[in-house]
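Accompanying notes for the structure given below.
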Amino acid sequence: MSGQLQLVGGDSDPPCGLCGAVAVGPCAHCRTLVCGDCCVLTEGSVRTWAICLRCDKKKGRNLLGGWGLVLLWVGAPILALVLFGLLLGMCRA
Ligand SMILES: [Zn+2]
Ligand SMILES: [Zn+2]
């Protein structure tokens with residue numbers, strides 16, 4: 001009886017793709033099933049994503065990556081300057 005219970009439990013729980021423990025869900029990037037120890041949670045705009053440690057090392061916790069933030073910091077002032085220049089040009093014309 002105990003052996004049968006173990007077999008049923010092993011069949012119903014998919015293994016973690018990284019360490020073989022019981023998985024809790026798929027990685028948002030590579031869809032690999034991961035357990036709670038092998039994934040990190042990423043706060044997205046709408047929902048929380050689980051990213052496996054393999055993808056976390058490659059791409060970082062942010063789904064956009066660190067470059068998205070860098071582009072925002074660099075691009076926002078440039079965009080403001082361009083808009084300011086356009087406004088000045090419109091006023092002079
Ligand atoms: Zn794991
Ligand atoms: Zn992954």
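So you can find residues: chains in the structure tokens are A, B, ... in the order shown, residues in each start at 1, and ligands are numbered from 1 in order.
Using only C-alpha atoms and all ligand atoms as the basis for the distance check, residues found within 12 Å of ligand 1 are Pro14, Pro15, Cys16, Gly17, Leu18, Cys19, Gly20, Ala21, Val22, Ala23, Val24, Gly25, Pro26, Cys27, Thr32, Leu33, Val34, Cys35, Gly36, Asp37, Cys38, Cys39, Val40, Ile51, Cys52, Leu53 and Arg54 of chain A.
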Hey, can you spit out that residue selection with C-alpha atoms as a tab-separated table (two decimals), in the first residue's frame?
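Ended up saving to part.tsv:
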```tsv
chain	number	residue	atom	x	y	z
A	14	PRO	CA	6.50	16.74	-12.38
A	15	PRO	CA	10.20	16.99	-11.50
A	16	CYS	CA	12.17	20.22	-11.44
A	17	GLY	CA	14.24	20.58	-14.60
A	18	LEU	CA	17.29	21.77	-12.69
A	19	CYS	CA	17.53	19.68	-9.53
A	20	GLY	CA	14.86	16.97	-9.90
A	21	ALA	CA	12.76	18.03	-6.88
A	22	VAL	CA	8.98	18.49	-7.13
A	23	ALA	CA	8.34	21.38	-9.52
A	24	VAL	CA	5.92	24.19	-8.73
A	25	GLY	CA	5.62	25.78	-12.18
A	26	PRO	CA	7.24	26.61	-15.52
A	27	CYS	CA	9.88	29.28	-16.10
A	32	THR	CA	11.34	24.51	-17.90
A	33	LEU	CA	9.48	23.19	-14.86
A	34	VAL	CA	11.26	24.39	-11.74
A	35	CYS	CA	10.86	23.93	-7.99
A	36	GLY	CA	10.67	26.76	-5.48
A	37	ASP	CA	14.40	26.57	-4.79
A	38	CYS	CA	15.43	26.79	-8.45
A	39	CYS	CA	13.41	29.85	-9.44
A	40	VAL	CA	13.22	33.52	-8.54
A	51	ILE	CA	12.20	32.64	-13.71
A	52	CYS	CA	14.48	29.62	-13.40
A	53	LEU	CA	17.97	30.25	-12.04
A	54	ARG	CA	19.46	29.42	-15.41
```
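Distances from A:Cys55, A:Ala50, A:Leu41, A:Ala76 to ligand 2 were compared using only C-alpha atoms and all ligand atoms, and the smallest one belongs to A:Cys55.
Checking A:Ala93, A:Leu69, A:His29, A:Leu87 one by one against ligand 2, counting only C-alpha atoms and all ligand atoms, you find the shortest gap at A:His29.
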For a quick check of understanding, using only C-alpha atoms and all ligand atoms, which of A:Arg92, A:Asp56, A:Asp13, A:Val46 has the smallest distance to ligand 2?
A:Asp56
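Note that the spacing between atom CA of A:Cys30 and atom CA of A:Gly68 amounts to 20.1 Å.
You can rank A:Lys58, A:Ile78, A:Thr48, A:Leu86 by their closest distance to ligand 2 using only C-alpha atoms and all ligand atoms, and at the top of that list sits A:Lys58.
Across the structure, atom CA of A:Glu43 and atom CA of A:Ala28 are spaced 12.0 Å apart.
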